[in-house]
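A.B. asks: Data file my_file31.pdb (PDB, C-alpha atoms) is appended below.
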ATOM      1  CA  MET A 276     -34.704  24.948  62.911  1.00  0.00           C
ATOM      2  CA  THR A 277     -34.018  21.488  64.218  1.00  0.00           C
ATOM      3  CA  PHE A 278     -32.046  19.063  62.073  1.00  0.00           C
ATOM      4  CA  THR A 279     -31.159  15.454  62.789  1.00  0.00           C
ATOM      5  CA  LEU A 280     -27.802  14.677  61.242  1.00  0.00           C
ATOM      6  CA  LYS A 281     -26.306  11.193  60.982  1.00  0.00           C
ATOM      7  CA  ILE A 282     -22.631  11.777  61.707  1.00  0.00           C
ATOM      8  CA  ASN A 283     -20.211   8.885  62.077  1.00  0.00           C
ATOM      9  CA  GLY A 284     -23.130   6.508  62.530  1.00  0.00           C
ATOM     10  CA  THR A 285     -24.730   8.487  65.349  1.00  0.00           C
ATOM     11  CA  PRO A 286     -27.762  10.769  65.048  1.00  0.00           C
ATOM     12  CA  HIS A 287     -27.207  14.301  66.320  1.00  0.00           C
ATOM     13  CA  GLU A 288     -30.112  16.691  66.771  1.00  0.00           C
ATOM     14  CA  VAL A 289     -29.054  20.290  66.304  1.00  0.00           C
ATOM     15  CA  ASP A 290     -31.046  23.504  66.505  1.00  0.00           C
ATOM     16  CA  VAL A 291     -29.375  25.885  64.055  1.00  0.00           C
ATOM     17  CA  ASP A 292     -30.227  28.093  61.097  1.00  0.00           C
ATOM     18  CA  GLY A 293     -30.450  26.044  57.901  1.00  0.00           C
ATOM     19  CA  ASP A 294     -27.821  28.089  56.097  1.00  0.00           C
ATOM     20  CA  ILE A 295     -25.079  27.572  58.700  1.00  0.00           C
ATOM     21  CA  PRO A 296     -22.192  25.633  57.170  1.00  0.00           C
ATOM     22  CA  LEU A 297     -21.839  22.012  58.241  1.00  0.00           C
ATOM     23  CA  LEU A 298     -18.283  22.793  59.400  1.00  0.00           C
ATOM     24  CA  TRP A 299     -19.540  25.055  62.190  1.00  0.00           C
ATOM     25  CA  VAL A 300     -22.195  22.569  63.249  1.00  0.00           C
ATOM     26  CA  LEU A 301     -19.537  19.865  63.503  1.00  0.00           C
ATOM     27  CA  ARG A 302     -17.031  22.010  65.385  1.00  0.00           C
ATOM     28  CA  ASP A 303     -19.073  24.457  67.452  1.00  0.00           C
ATOM     29  CA  VAL A 304     -22.368  22.677  68.058  1.00  0.00           C
ATOM     30  CA  ILE A 305     -21.408  18.985  68.208  1.00  0.00           C
ATOM     31  CA  GLY A 306     -17.808  19.476  69.352  1.00  0.00           C
ATOM     32  CA  MET A 307     -16.036  17.449  66.660  1.00  0.00           C
ATOM     33  CA  THR A 308     -12.938  19.555  66.120  1.00  0.00           C
ATOM     34  CA  GLY A 309     -11.001  17.193  63.846  1.00  0.00           C
ATOM     35  CA  THR A 310     -12.426  18.888  60.764  1.00  0.00           C
ATOM     36  CA  LYS A 311     -10.526  22.149  60.301  1.00  0.00           C
ATOM     37  CA  PHE A 312     -11.406  25.625  59.077  1.00  0.00           C
ATOM     38  CA  GLY A 313      -8.994  26.725  56.389  1.00  0.00           C
ATOM     39  CA  CYS A 314     -10.085  29.278  53.821  1.00  0.00           C
ATOM     40  CA  GLY A 315     -13.852  29.347  54.301  1.00  0.00           C
ATOM     41  CA  VAL A 316     -14.538  29.333  50.563  1.00  0.00           C
ATOM     42  CA  GLY A 317     -14.013  25.663  49.705  1.00  0.00           C
ATOM     43  CA  LEU A 318     -10.614  26.065  48.040  1.00  0.00           C
ATOM     44  CA  CYS A 319      -8.110  24.592  50.499  1.00  0.00           C
ATOM     45  CA  GLY A 320      -9.734  21.281  51.479  1.00  0.00           C
ATOM     46  CA  ALA A 321      -8.983  21.469  55.215  1.00  0.00           C
ATOM     47  CA  CYS A 322     -12.699  21.079  55.973  1.00  0.00           C
ATOM     48  CA  THR A 323     -13.228  17.945  53.846  1.00  0.00           C
ATOM     49  CA  VAL A 324     -15.697  15.365  55.157  1.00  0.00           C
ATOM     50  CA  HIS A 325     -17.622  12.606  53.377  1.00  0.00           C
ATOM     51  CA  GLN A 326     -21.299  12.886  52.503  1.00  0.00           C
ATOM     52  CA  ASP A 327     -22.531   9.418  51.582  1.00  0.00           C
ATOM     53  CA  GLY A 328     -18.911   8.477  50.880  1.00  0.00           C
ATOM     54  CA  GLN A 329     -18.132  11.451  48.632  1.00  0.00           C
ATOM     55  CA  PRO A 330     -15.707  14.177  49.721  1.00  0.00           C
ATOM     56  CA  ILE A 331     -17.320  17.580  50.248  1.00  0.00           C
ATOM     57  CA  ARG A 332     -16.169  20.924  51.595  1.00  0.00           C
ATOM     58  CA  SER A 333     -18.044  21.347  54.859  1.00  0.00           C
ATOM     59  CA  CYS A 334     -17.321  25.093  54.998  1.00  0.00           C
ATOM     60  CA  GLN A 335     -19.516  25.563  51.925  1.00  0.00           C
ATOM     61  CA  THR A 336     -22.223  22.979  52.664  1.00  0.00           C
ATOM     62  CA  PRO A 337     -25.310  24.377  54.371  1.00  0.00           C
ATOM     63  CA  VAL A 338     -26.615  22.066  57.067  1.00  0.00           C
ATOM     64  CA  GLU A 339     -30.088  22.151  55.491  1.00  0.00           C
ATOM     65  CA  SER A 340     -28.681  20.432  52.376  1.00  0.00           C
ATOM     66  CA  ILE A 341     -27.580  17.325  54.308  1.00  0.00           C
ATOM     67  CA  GLY A 342     -31.037  15.787  54.707  1.00  0.00           C
ATOM     68  CA  GLU A 343     -30.839  12.016  55.272  1.00  0.00           C
ATOM     69  CA  SER A 344     -27.226  11.771  54.093  1.00  0.00           C
ATOM     70  CA  THR A 345     -24.581  10.086  56.180  1.00  0.00           C
ATOM     71  CA  ILE A 346     -21.634  12.267  57.162  1.00  0.00           C
ATOM     72  CA  THR A 347     -18.245  10.748  57.985  1.00  0.00           C
ATOM     73  CA  THR A 348     -15.534  12.852  59.597  1.00  0.00           C
ATOM     74  CA  ILE A 349     -11.869  12.324  60.399  1.00  0.00           C
ATOM     75  CA  GLU A 350     -12.884  11.061  63.839  1.00  0.00           C
ATOM     76  CA  THR A 351     -14.076   7.729  62.378  1.00  0.00           C
ATOM     77  CA  ILE A 352     -12.484   7.442  58.918  1.00  0.00           C
ATOM     78  CA  GLY A 353      -9.959   5.011  60.402  1.00  0.00           C
ATOM     79  CA  GLN A 354     -12.789   2.513  60.876  1.00  0.00           C
ATOM     80  CA  THR A 355     -13.030   2.086  57.102  1.00  0.00           C
ATOM     81  CA  PRO A 356     -10.494  -0.102  55.260  1.00  0.00           C
ATOM     82  CA  GLN A 357      -9.337   2.793  53.090  1.00  0.00           C
ATOM     83  CA  GLY A 358      -9.157   5.242  55.981  1.00  0.00           C
ATOM     84  CA  ALA A 359      -7.170   2.825  58.132  1.00  0.00           C
ATOM     85  CA  ALA A 360      -4.724   2.161  55.284  1.00  0.00           C
ATOM     86  CA  VAL A 361      -4.305   5.895  54.628  1.00  0.00           C
ATOM     87  CA  GLN A 362      -3.742   6.704  58.288  1.00  0.00           C
ATOM     88  CA  LYS A 363      -1.170   3.919  58.626  1.00  0.00           C
ATOM     89  CA  ALA A 364       0.671   5.090  55.500  1.00  0.00           C
ATOM     90  CA  TRP A 365       0.613   8.683  56.766  1.00  0.00           C
ATOM     91  CA  LEU A 366       2.345   7.546  59.956  1.00  0.00           C
ATOM     92  CA  ASP A 367       4.744   5.142  58.228  1.00  0.00           C
ATOM     93  CA  LEU A 368       5.979   7.829  55.833  1.00  0.00           C
ATOM     94  CA  ASP A 369       5.924  10.780  58.256  1.00  0.00           C
ATOM     95  CA  VAL A 370       3.630  12.748  55.960  1.00  0.00           C
ATOM     96  CA  VAL A 371       2.576  15.279  58.570  1.00  0.00           C
ATOM     97  CA  GLN A 372       4.573  18.415  59.095  1.00  0.00           C
ATOM     98  CA  CYS A 373       2.431  21.098  60.789  1.00  0.00           C
ATOM     99  CA  GLY A 374      -0.609  18.826  60.474  1.00  0.00           C
ATOM    100  CA  TYR A 375      -3.279  21.472  59.990  1.00  0.00           C
ATOM    101  CA  CYS A 376      -4.435  20.319  56.559  1.00  0.00           C
ATOM    102  CA  GLN A 377      -4.032  16.634  57.244  1.00  0.00           C
ATOM    103  CA  SER A 378      -7.594  15.758  58.254  1.00  0.00           C
ATOM    104  CA  GLY A 379      -8.798  17.068  54.891  1.00  0.00           C
ATOM    105  CA  GLN A 380      -5.935  15.344  53.082  1.00  0.00           C
ATOM    106  CA  VAL A 381      -6.729  12.007  54.720  1.00  0.00           C
ATOM    107  CA  MET A 382     -10.444  12.349  53.950  1.00  0.00           C
ATOM    108  CA  SER A 383      -9.757  13.075  50.272  1.00  0.00           C
ATOM    109  CA  ALA A 384      -7.230  10.244  50.014  1.00  0.00           C
ATOM    110  CA  ALA A 385      -9.625   7.738  51.613  1.00  0.00           C
ATOM    111  CA  ALA A 386     -12.393   8.743  49.189  1.00  0.00           C
ATOM    112  CA  LEU A 387      -9.983   8.353  46.263  1.00  0.00           C
ATOM    113  CA  LEU A 388      -8.968   4.852  47.325  1.00  0.00           C
ATOM    114  CA  LYS A 389     -12.578   3.821  47.816  1.00  0.00           C
ATOM    115  CA  SER A 390     -13.483   4.858  44.271  1.00  0.00           C
ATOM    116  CA  THR A 391     -10.114   4.027  42.653  1.00  0.00           C
ATOM    117  CA  PRO A 392      -8.286   1.302  44.616  1.00  0.00           C
ATOM    118  CA  LYS A 393      -5.092   1.472  42.509  1.00  0.00           C
ATOM    119  CA  PRO A 394      -4.799   5.114  41.378  1.00  0.00           C
ATOM    120  CA  THR A 395      -2.195   6.379  38.946  1.00  0.00           C
ATOM    121  CA  ASP A 396      -0.104   9.458  39.726  1.00  0.00           C
ATOM    122  CA  GLU A 397      -2.438  11.491  37.533  1.00  0.00           C
ATOM    123  CA  GLU A 398      -5.513  10.201  39.386  1.00  0.00           C
ATOM    124  CA  ILE A 399      -3.887  10.983  42.728  1.00  0.00           C
ATOM    125  CA  ASP A 400      -2.972  14.482  41.583  1.00  0.00           C
ATOM    126  CA  ALA A 401      -6.504  15.109  40.285  1.00  0.00           C
ATOM    127  CA  ALA A 402      -8.201  13.814  43.433  1.00  0.00           C
ATOM    128  CA  MET A 403      -5.886  15.726  45.763  1.00  0.00           C
ATOM    129  CA  SER A 404      -5.671  18.947  43.728  1.00  0.00           C
ATOM    130  CA  GLY A 405      -8.261  20.675  45.912  1.00  0.00           C
ATOM    131  CA  ASN A 406      -6.259  20.078  49.084  1.00  0.00           C
ATOM    132  CA  VAL A 407      -3.615  22.647  49.902  1.00  0.00           C
ATOM    133  CA  CYS A 408      -0.636  21.770  52.091  1.00  0.00           C
ATOM    134  CA  ARG A 409       1.183  24.943  53.033  1.00  0.00           C
ATOM    135  CA  CYS A 410       4.160  22.865  54.252  1.00  0.00           C
ATOM    136  CA  GLY A 411       4.529  21.293  50.807  1.00  0.00           C
ATOM    137  CA  THR A 412       4.388  17.622  51.747  1.00  0.00           C
ATOM    138  CA  TYR A 413       2.830  16.700  48.393  1.00  0.00           C
ATOM    139  CA  HIS A 414       5.481  14.103  47.499  1.00  0.00           C
ATOM    140  CA  ARG A 415       4.997  12.323  50.827  1.00  0.00           C
ATOM    141  CA  ILE A 416       1.217  12.519  50.425  1.00  0.00           C
ATOM    142  CA  ARG A 417       1.421  10.863  47.009  1.00  0.00           C
ATOM    143  CA  ALA A 418       3.808   8.200  48.329  1.00  0.00           C
ATOM    144  CA  ALA A 419       1.494   7.491  51.259  1.00  0.00           C
ATOM    145  CA  ILE A 420      -1.524   7.124  48.958  1.00  0.00           C
ATOM    146  CA  LYS A 421       0.454   4.677  46.814  1.00  0.00           C
ATOM    147  CA  GLN A 422       1.462   2.720  49.909  1.00  0.00           C
ATOM    148  CA  ALA A 423      -2.125   2.667  51.166  1.00  0.00           C
ATOM    149  CA  ALA A 424      -3.291   1.458  47.727  1.00  0.00           C
ATOM    150  CA  GLY A 425      -0.923  -1.477  48.035  1.00  0.00           C
ATOM    151  CA  ALA A 426      -2.166  -2.421  51.514  1.00  0.00           C
TER     152      ALA A 426
END
Please express what this file holds, its structure, as structure tokens.

C.D. replies:
Amino acid sequence: MTFTLKINGTPHEVDVDGDIPLLWVLRDVIGMTGTKFGCGVGLCGACTVHQDGQPIRSCQTPVESIGESTITTIETIGQTPQGAAVQKAWLDLDVVQCGYCQSGQVMSAAALLKSTPKPTDEEIDAAMSGNVCRCGTYHRIRAAIKQAAGA
């Protein structure tokens, strides 16, 4: 089937089966490789993108469910005030270690700051709980979110 997806403000027409996960459309069909494959079952958060501003797991989201929604990926999150603040804080505090999970981490953090501009530690922990960092940079992630909230 043919689907027209609005991704990062640009329409993309794709001819794929409706049940293919959005992640594979982004990476393999459109060529946006910033969104990562992690676990494939929506538990690690590496594949997080925004659907109409809300974080979703693209590995578990069939492309046919997107409809008229707007998808934002890591490639353009820095164009939003929250995304730019998060990315700057990530760099300032050297959050990244291996970096594999970071696109999903940044996407979740930007969504948190959009909905909760001054989050508490508990709100940060709750919002980020679905994002796994195998390198264990959780303390730096929390510090970066707090810094971005103050920006």

A.B. asks: Take the point (-13.3, 8.9, 62.9) in the file's coordinates, draw a sphere of radius 12 Å around it, and report as a PDB file with C-alpha atoms, keeping the file's coordinate frame every protein, DNA or RNA residue with an atom inside or on it, counting all atoms listed in the file.

C.D. replies:
ATOM      1  CA  ILE A 282     -22.631  11.777  61.707  1.00  0.00           C
ATOM      2  CA  ASN A 283     -20.211   8.885  62.077  1.00  0.00           C
ATOM      3  CA  GLY A 284     -23.130   6.508  62.530  1.00  0.00           C
ATOM      4  CA  THR A 285     -24.730   8.487  65.349  1.00  0.00           C
ATOM      5  CA  MET A 307     -16.036  17.449  66.660  1.00  0.00           C
ATOM      6  CA  THR A 308     -12.938  19.555  66.120  1.00  0.00           C
ATOM      7  CA  GLY A 309     -11.001  17.193  63.846  1.00  0.00           C
ATOM      8  CA  THR A 310     -12.426  18.888  60.764  1.00  0.00           C
ATOM      9  CA  VAL A 324     -15.697  15.365  55.157  1.00  0.00           C
ATOM     10  CA  HIS A 325     -17.622  12.606  53.377  1.00  0.00           C
ATOM     11  CA  ILE A 346     -21.634  12.267  57.162  1.00  0.00           C
ATOM     12  CA  THR A 347     -18.245  10.748  57.985  1.00  0.00           C
ATOM     13  CA  THR A 348     -15.534  12.852  59.597  1.00  0.00           C
ATOM     14  CA  ILE A 349     -11.869  12.324  60.399  1.00  0.00           C
ATOM     15  CA  GLU A 350     -12.884  11.061  63.839  1.00  0.00           C
ATOM     16  CA  THR A 351     -14.076   7.729  62.378  1.00  0.00           C
ATOM     17  CA  ILE A 352     -12.484   7.442  58.918  1.00  0.00           C
ATOM     18  CA  GLY A 353      -9.959   5.011  60.402  1.00  0.00           C
ATOM     19  CA  GLN A 354     -12.789   2.513  60.876  1.00  0.00           C
ATOM     20  CA  THR A 355     -13.030   2.086  57.102  1.00  0.00           C
ATOM     21  CA  GLY A 358      -9.157   5.242  55.981  1.00  0.00           C
ATOM     22  CA  ALA A 359      -7.170   2.825  58.132  1.00  0.00           C
ATOM     23  CA  GLN A 362      -3.742   6.704  58.288  1.00  0.00           C
ATOM     24  CA  SER A 378      -7.594  15.758  58.254  1.00  0.00           C
ATOM     25  CA  VAL A 381      -6.729  12.007  54.720  1.00  0.00           C
ATOM     26  CA  MET A 382     -10.444  12.349  53.950  1.00  0.00           C
ATOM     27  CA  ALA A 385      -9.625   7.738  51.613  1.00  0.00           C
TER      28      ALA A 385
END

A.B. asks: For Asp290 (chain A), list every protein, DNA or RNA residue within 7 Å, evaluated using only C-alpha atoms, and leave out those in the same chain fewer than 6 positions away; present the list as a list in words.

C.D. replies: Met276, Thr277 and Phe278 of chain A

A.B. asks: Could you tell me how far CA of Asp369 (chain A) sits from CA of Leu301 (chain A), in Å to one decimal place?

C.D. replies: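 Going from CA of Leu301 (chain A) over to CA of Asp369 (chain A) covers 27.5 Å.
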
A.B. asks: Return the single residue from A:Asp327, A:Ala364, A:Ala402, A:Cys322 that is closest to Gly342 (chain A), with distances computed using only C-alpha atoms.

C.D. replies: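 Between A:Asp327, A:Ala364, A:Ala402, A:Cys322, the residue approaching Gly342 (chain A) most closely is A:Asp327.
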
A.B. asks: Taking the file as I've supplied it (selection: the PyMOL selection byres ((chain A and resi 339) around 12)), which residues are included? Please answer as JSON, numbers by chain.

C.D. replies: {"A": [276, 277, 278, 279, 280, 289, 290, 291, 292, 293, 294, 295, 296, 297, 300, 335, 336, 337, 338, 340, 341, 342, 343, 344]}

A.B. asks: Residues of the last selection are to be written out with C-alpha atoms, as a compact mmCIF listing (two decimals), in the coordinates of the input.

C.D. replies:
# COMPACT_ATOMS: atom_id res chain seq x y z
CA MET A 276 -34.70 24.95 62.91
CA THR A 277 -34.02 21.49 64.22
CA PHE A 278 -32.05 19.06 62.07
CA THR A 279 -31.16 15.45 62.79
CA LEU A 280 -27.80 14.68 61.24
CA VAL A 289 -29.05 20.29 66.30
CA ASP A 290 -31.05 23.50 66.50
CA VAL A 291 -29.38 25.88 64.06
CA ASP A 292 -30.23 28.09 61.10
CA GLY A 293 -30.45 26.04 57.90
CA ASP A 294 -27.82 28.09 56.10
CA ILE A 295 -25.08 27.57 58.70
CA PRO A 296 -22.19 25.63 57.17
CA LEU A 297 -21.84 22.01 58.24
CA VAL A 300 -22.20 22.57 63.25
CA GLN A 335 -19.52 25.56 51.92
CA THR A 336 -22.22 22.98 52.66
CA PRO A 337 -25.31 24.38 54.37
CA VAL A 338 -26.62 22.07 57.07
CA SER A 340 -28.68 20.43 52.38
CA ILE A 341 -27.58 17.32 54.31
CA GLY A 342 -31.04 15.79 54.71
CA GLU A 343 -30.84 12.02 55.27
CA SER A 344 -27.23 11.77 54.09
